[in-house]
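Structure data follow from start.cif (mmCIF, C-alpha atoms):
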data_structure
loop_
_atom_site.label_atom_id
_atom_site.label_comp_id
_atom_site.auth_asym_id
_atom_site.auth_seq_id
_atom_site.Cartn_x
_atom_site.Cartn_y
_atom_site.Cartn_z
CA MET A 1 5.51 10.59 7.28
CA VAL A 2 5.98 12.52 4.04
CA ALA A 3 3.87 15.63 3.46
CA VAL A 4 1.31 15.24 0.68
CA ARG A 5 1.91 17.49 -2.33
CA HIS A 6 -0.82 18.70 -4.61
CA ASN A 7 -0.22 17.30 -8.10
CA PRO A 8 2.38 14.55 -8.16
CA ARG A 9 2.79 12.42 -11.28
CA LEU A 10 2.18 9.36 -9.15
CA SER A 11 0.95 9.30 -5.57
CA VAL A 12 1.53 6.09 -3.58
CA LEU A 13 0.35 5.25 -0.08
CA LEU A 14 2.65 2.88 1.85
CA THR A 15 2.05 1.07 5.13
CA GLU A 16 4.50 -0.85 7.26
CA ASP A 17 4.31 -3.29 10.13
CA ARG A 18 6.58 -1.30 12.49
CA ASP A 19 9.15 1.50 12.50
CA ARG A 20 11.97 0.69 10.14
CA PRO A 21 15.57 1.79 9.68
CA ASP A 22 16.45 4.19 6.87
CA GLU A 23 17.64 1.41 4.56
CA HIS A 24 14.24 -0.33 4.58
CA TRP A 25 12.18 -0.25 1.34
CA THR A 26 9.47 1.94 2.93
CA ARG A 27 12.15 4.62 3.42
CA GLN A 28 13.96 4.06 0.11
CA LEU A 29 10.93 4.13 -2.20
CA PRO A 30 9.93 7.74 -1.44
CA ARG A 31 13.52 8.87 -2.09
CA LEU A 32 13.62 7.00 -5.41
CA LEU A 33 10.27 8.35 -6.61
CA GLN A 34 10.72 11.98 -5.58
CA PRO A 35 13.12 13.00 -8.42
CA LEU A 36 10.54 11.66 -10.91
CA GLY A 37 7.90 14.01 -9.53
CA CYS A 38 6.23 11.14 -7.69
CA GLU A 39 5.32 10.95 -4.06
CA ALA A 40 5.11 8.13 -1.54
CA THR A 41 3.50 8.70 1.84
CA VAL A 42 4.26 6.26 4.67
CA ALA A 43 1.58 5.46 7.26
CA ALA A 44 2.49 3.58 10.43
CA THR A 45 -1.02 2.28 11.13
CA GLY A 46 -4.13 1.31 9.21
CA THR A 47 -6.18 4.13 10.73
CA GLN A 48 -3.50 6.65 9.75
CA ALA A 49 -3.49 5.26 6.19
CA LEU A 50 -7.28 5.42 6.04
CA ASP A 51 -7.27 9.05 7.19
CA LEU A 52 -4.73 9.88 4.50
CA ALA A 53 -6.71 8.03 1.80
CA ARG A 54 -9.93 9.79 2.75
CA ASN A 55 -8.29 13.22 2.45
CA HIS A 56 -6.01 12.61 -0.53
CA PRO A 57 -6.78 10.16 -3.34
CA TYR A 58 -3.83 7.90 -4.21
CA HIS A 59 -2.94 6.37 -7.57
CA ALA A 60 -1.72 3.20 -5.80
CA ALA A 61 -1.21 1.71 -2.35
CA VAL A 62 1.34 -0.78 -1.03
CA ILE A 63 -0.07 -2.36 2.11
CA ASP A 64 1.85 -4.61 4.47
CA LEU A 65 -0.74 -7.07 5.79
CA ALA A 66 0.95 -6.98 9.21
CA THR A 67 0.30 -3.24 9.59
CA PRO A 68 -1.32 -2.56 12.98
CA THR A 69 -4.78 -1.05 12.74
CA GLY A 70 -3.95 1.68 15.22
CA GLN A 71 -7.14 1.10 17.15
CA PRO A 72 -6.58 0.41 20.88
CA SER A 73 -8.65 -2.79 20.87
CA THR A 74 -6.59 -4.38 18.11
CA GLN A 75 -3.09 -2.96 18.60
CA PRO A 76 -0.95 -4.68 17.45
CA ALA A 77 -2.83 -6.42 14.66
CA SER A 78 -4.46 -9.59 15.91
CA PRO A 79 -3.33 -12.95 14.51
CA SER A 80 -6.87 -13.66 13.27
CA THR A 81 -7.20 -10.47 11.19
CA PRO A 82 -4.09 -8.41 10.48
CA GLY A 83 -4.52 -4.65 10.27
CA GLY A 84 -3.45 -4.56 6.62
CA LEU A 85 -6.30 -6.87 5.69
CA TRP A 86 -8.73 -4.65 7.62
CA LEU A 87 -7.32 -1.63 5.76
CA LEU A 88 -7.78 -3.35 2.39
CA GLN A 89 -11.44 -4.04 3.26
CA VAL A 90 -12.04 -0.42 4.28
CA LEU A 91 -10.18 1.07 1.29
CA ASN A 92 -12.46 -0.97 -0.99
CA ARG A 93 -15.42 1.01 0.35
CA LEU A 94 -13.95 4.39 -0.59
CA PRO A 95 -15.42 6.08 -3.66
CA ARG A 96 -11.92 6.64 -5.07
CA LYS A 97 -10.11 3.48 -4.00
CA PRO A 98 -6.52 2.96 -5.14
CA PRO A 99 -5.31 -0.30 -6.67
CA VAL A 100 -3.39 -2.18 -3.97
CA ILE A 101 -0.15 -4.15 -3.90
CA VAL A 102 -0.04 -6.37 -0.82
CA VAL A 103 3.08 -7.36 1.13
CA ASN A 104 2.59 -10.65 2.91
CA PRO A 105 3.21 -10.90 6.63
CA HIS A 106 6.36 -12.79 7.59
CA ALA A 107 5.64 -13.36 11.29
CA TYR A 108 2.74 -15.76 10.73
CA SER A 109 2.53 -19.48 9.95
CA GLN A 110 2.46 -20.65 6.33
CA ARG A 111 -1.19 -21.58 6.76
CA GLN A 112 -2.14 -18.13 8.11
CA VAL A 113 -0.19 -16.40 5.33
CA ALA A 114 -1.97 -18.50 2.69
CA ARG A 115 -5.35 -17.60 4.21
CA PHE A 116 -4.50 -13.87 4.42
CA LEU A 117 -3.23 -13.78 0.85
CA ASN A 118 -6.33 -15.58 -0.39
CA GLN A 119 -8.51 -13.01 1.40
CA ALA A 120 -6.43 -10.13 -0.01
CA LEU A 121 -6.82 -11.45 -3.56
CA GLN A 122 -10.58 -11.91 -3.02
CA LEU A 123 -10.70 -8.27 -1.92
CA GLY A 124 -9.12 -7.23 -5.21
CA ALA A 125 -5.41 -6.86 -4.44
CA PHE A 126 -3.52 -6.23 -7.69
CA SER A 127 -0.41 -8.16 -6.70
CA VAL A 128 1.24 -9.85 -3.73
CA LEU A 129 4.90 -9.45 -2.77
CA ASN A 130 6.83 -11.53 -0.27
CA HIS A 131 8.97 -10.39 2.63
CA PRO A 132 11.66 -9.24 2.38
CA VAL A 133 10.52 -6.81 -0.32
CA ASP A 134 12.93 -6.53 -3.22
CA LEU A 135 12.86 -2.88 -4.31
CA ASN A 136 13.41 -3.70 -8.00
CA HIS A 137 10.53 -6.17 -7.93
CA LEU A 138 8.33 -3.57 -6.21
CA LEU A 139 9.18 -0.94 -8.85
CA ALA A 140 8.40 -3.44 -11.62
CA THR A 141 5.07 -4.24 -9.96
CA ILE A 142 4.24 -0.52 -9.73
CA ALA A 143 5.08 -0.21 -13.45
CA ARG A 144 2.66 -3.09 -14.20
CA LEU A 145 0.02 -1.37 -12.07
CA ILE A 146 0.46 1.87 -14.03
CA GLN A 147 0.17 -0.09 -17.29
CA ARG A 148 -3.02 -1.83 -16.19
CA TYR A 149 -4.87 0.93 -14.33
CA HIS A 150 -3.51 4.03 -16.02
CA GLN A 151 -2.99 2.76 -19.58
CA GLY A 152 0.79 3.00 -19.28
CA GLN A 153 0.69 6.77 -18.76
CA TRP A 154 1.53 8.79 -15.69
CA PRO A 155 -1.76 9.11 -13.81
CA ASN A 156 -3.59 12.40 -13.56
CA ASP A 157 -6.48 13.70 -11.48
CA THR A 158 -9.04 12.32 -13.93
CA ASN A 159 -7.92 8.74 -13.38
CA LEU A 160 -7.31 8.63 -9.66
CA ALA A 161 -10.15 6.16 -9.28
CA PRO A 162 -9.31 3.26 -11.61
CA GLY A 163 -12.18 1.02 -12.53
CA GLN A 164 -14.79 3.51 -11.34
#
Represent the supplied structure as structure tokens.
Amino acid sequence: MVAVRHNPRLSVLLTEDRDRPDEHWTRQLPRLLQPLGCEATVAATGTQALDLARNHPYHAAVIDLATPTGQPSTQPASPSTPGGLWLLQVLNRLPRKPPVIVVNPHAYSQRQVARFLNQALQLGAFSVLNHPVDLNHLLATIARLIQRYHQGQWPNDTNLAPGQ
């Protein structure tokens, strides 16, 4: 996990469905954003992501729906409710909730994926990306998110809570 800095130009919370090799997008994105003064923090579980979001407001979040919740009773994420969907529900209750880009789960049936994505969109997800995540498409989606929620400008502390 990346240490959280105090005033990045853009602060993004990332979740993943399991440990990944260095060439995976959840490892590449922080390295791409860092020279721009941006920061991406990777959380391995939904509870870890929630703890981070409660203690540090994020300008955006990229949530893999297959992220395990991190709670013993639901580890790994159950087929009926993936941990990423639980996290999206809980993030929506925070006073300073970040806009969310959702990554669909690839280990589920087409029917389950359609249901999860429908629920994610009902919960206010900004956009949905498919596995495997194309880094250029993700960066373009983040640019669209900045345009929509931050009026095309690098976010600052006064607009960490879009739509509030």
Worksheet entry | atom CA of A:Arg9 to atom CA of A:Glu23, distance in Å rounded to a single decimal | 24.3 Å
Excluding A:Ala143 and residues on its chain fewer than 6 positions from it, collect all residues at most 12 Å away from it, counting all atoms listed in the file, and give them as a JSON list (two decimals) with C-alpha atoms, in the frame of the given file.
[["chain", "number", "residue", "atom", "x", "y", "z"],
["A", 10, "LEU", "CA", 2.18, 9.36, -9.15],
["A", 59, "HIS", "CA", -2.94, 6.37, -7.57],
["A", 60, "ALA", "CA", -1.72, 3.20, -5.80],
["A", 101, "ILE", "CA", -0.15, -4.15, -3.90],
["A", 126, "PHE", "CA", -3.52, -6.23, -7.69],
["A", 127, "SER", "CA", -0.41, -8.16, -6.70],
["A", 136, "ASN", "CA", 13.41, -3.70, -8.00],
["A", 137, "HIS", "CA", 10.53, -6.17, -7.93],
["A", 149, "TYR", "CA", -4.87, 0.93, -14.33],
["A", 150, "HIS", "CA", -3.51, 4.03, -16.02],
["A", 151, "GLN", "CA", -2.99, 2.76, -19.58],
["A", 152, "GLY", "CA", 0.79, 3.00, -19.28],
["A", 153, "GLN", "CA", 0.69, 6.77, -18.76],
["A", 154, "TRP", "CA", 1.53, 8.79, -15.69],
["A", 155, "PRO", "CA", -1.76, 9.11, -13.81]]
Practice prompt. Please measure the separation of atom CA of A:Ala40 and atom CA of A:Val12, giving the value in Å to one decimal.
Written response: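 Those two atoms sit 4.6 Å apart.
Pairwise distance (atom CA of A:Val103, atom CA of A:Leu36) equals 23.7 Å.
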Item to complete: Write out as a ChimeraX atom specification the residues lying within 10 Å of A:Leu94, counting only C-alpha atoms and excluding same-chain residues fewer than 6 positions away.
Response: /A:50,53-54,57,161
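The environment of A:His106 within 12 Å, counting only C-alpha atoms and disregarding residues fewer than 6 places along the same chain, consists of Asp17, Asp64, Leu65, Ala66, Thr67, Pro79, Pro82, Gln112, Val113, Ala114, Phe116, Leu117, Leu129, Asn130, His131, Pro132 and Val133 of chain A.
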With C-alpha atoms retained, write the just-selected residues as a PDB file, in the frame of the given file.
ATOM      1  CA  ASP A  17       4.310  -3.290  10.130  1.00  0.00           C
ATOM      2  CA  ASP A  64       1.850  -4.610   4.470  1.00  0.00           C
ATOM      3  CA  LEU A  65      -0.740  -7.070   5.790  1.00  0.00           C
ATOM      4  CA  ALA A  66       0.950  -6.980   9.210  1.00  0.00           C
ATOM      5  CA  THR A  67       0.300  -3.240   9.590  1.00  0.00           C
ATOM      6  CA  PRO A  79      -3.330 -12.950  14.510  1.00  0.00           C
ATOM      7  CA  PRO A  82      -4.090  -8.410  10.480  1.00  0.00           C
ATOM      8  CA  GLN A 112      -2.140 -18.130   8.110  1.00  0.00           C
ATOM      9  CA  VAL A 113      -0.190 -16.400   5.330  1.00  0.00           C
ATOM     10  CA  ALA A 114      -1.970 -18.500   2.690  1.00  0.00           C
ATOM     11  CA  PHE A 116      -4.500 -13.870   4.420  1.00  0.00           C
ATOM     12  CA  LEU A 117      -3.230 -13.780   0.850  1.00  0.00           C
ATOM     13  CA  LEU A 129       4.900  -9.450  -2.770  1.00  0.00           C
ATOM     14  CA  ASN A 130       6.830 -11.530  -0.270  1.00  0.00           C
ATOM     15  CA  HIS A 131       8.970 -10.390   2.630  1.00  0.00           C
ATOM     16  CA  PRO A 132      11.660  -9.240   2.380  1.00  0.00           C
ATOM     17  CA  VAL A 133      10.520  -6.810  -0.320  1.00  0.00           C
TER      18      VAL A 133
END
Practice prompt. Between A:His56, A:Gly83, A:Leu13, A:Cys38, single out the one closest to A:Asn104, counting only C-alpha atoms.
Written response: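 Closest to A:Asn104 of all the choices is A:Gly83.
Of the listed residues A:Asp134, A:Leu88, A:Asn55, A:Pro8, the one whose atoms come nearest to A:Leu33 is A:Pro8, with distances taken using all atoms listed in the file.
Proximity to A:Thr41 was assessed for A:Ala61, A:Leu14, A:Val100, A:Leu121 counting all atoms listed in the file; the smallest distance is recorded for A:Leu14.
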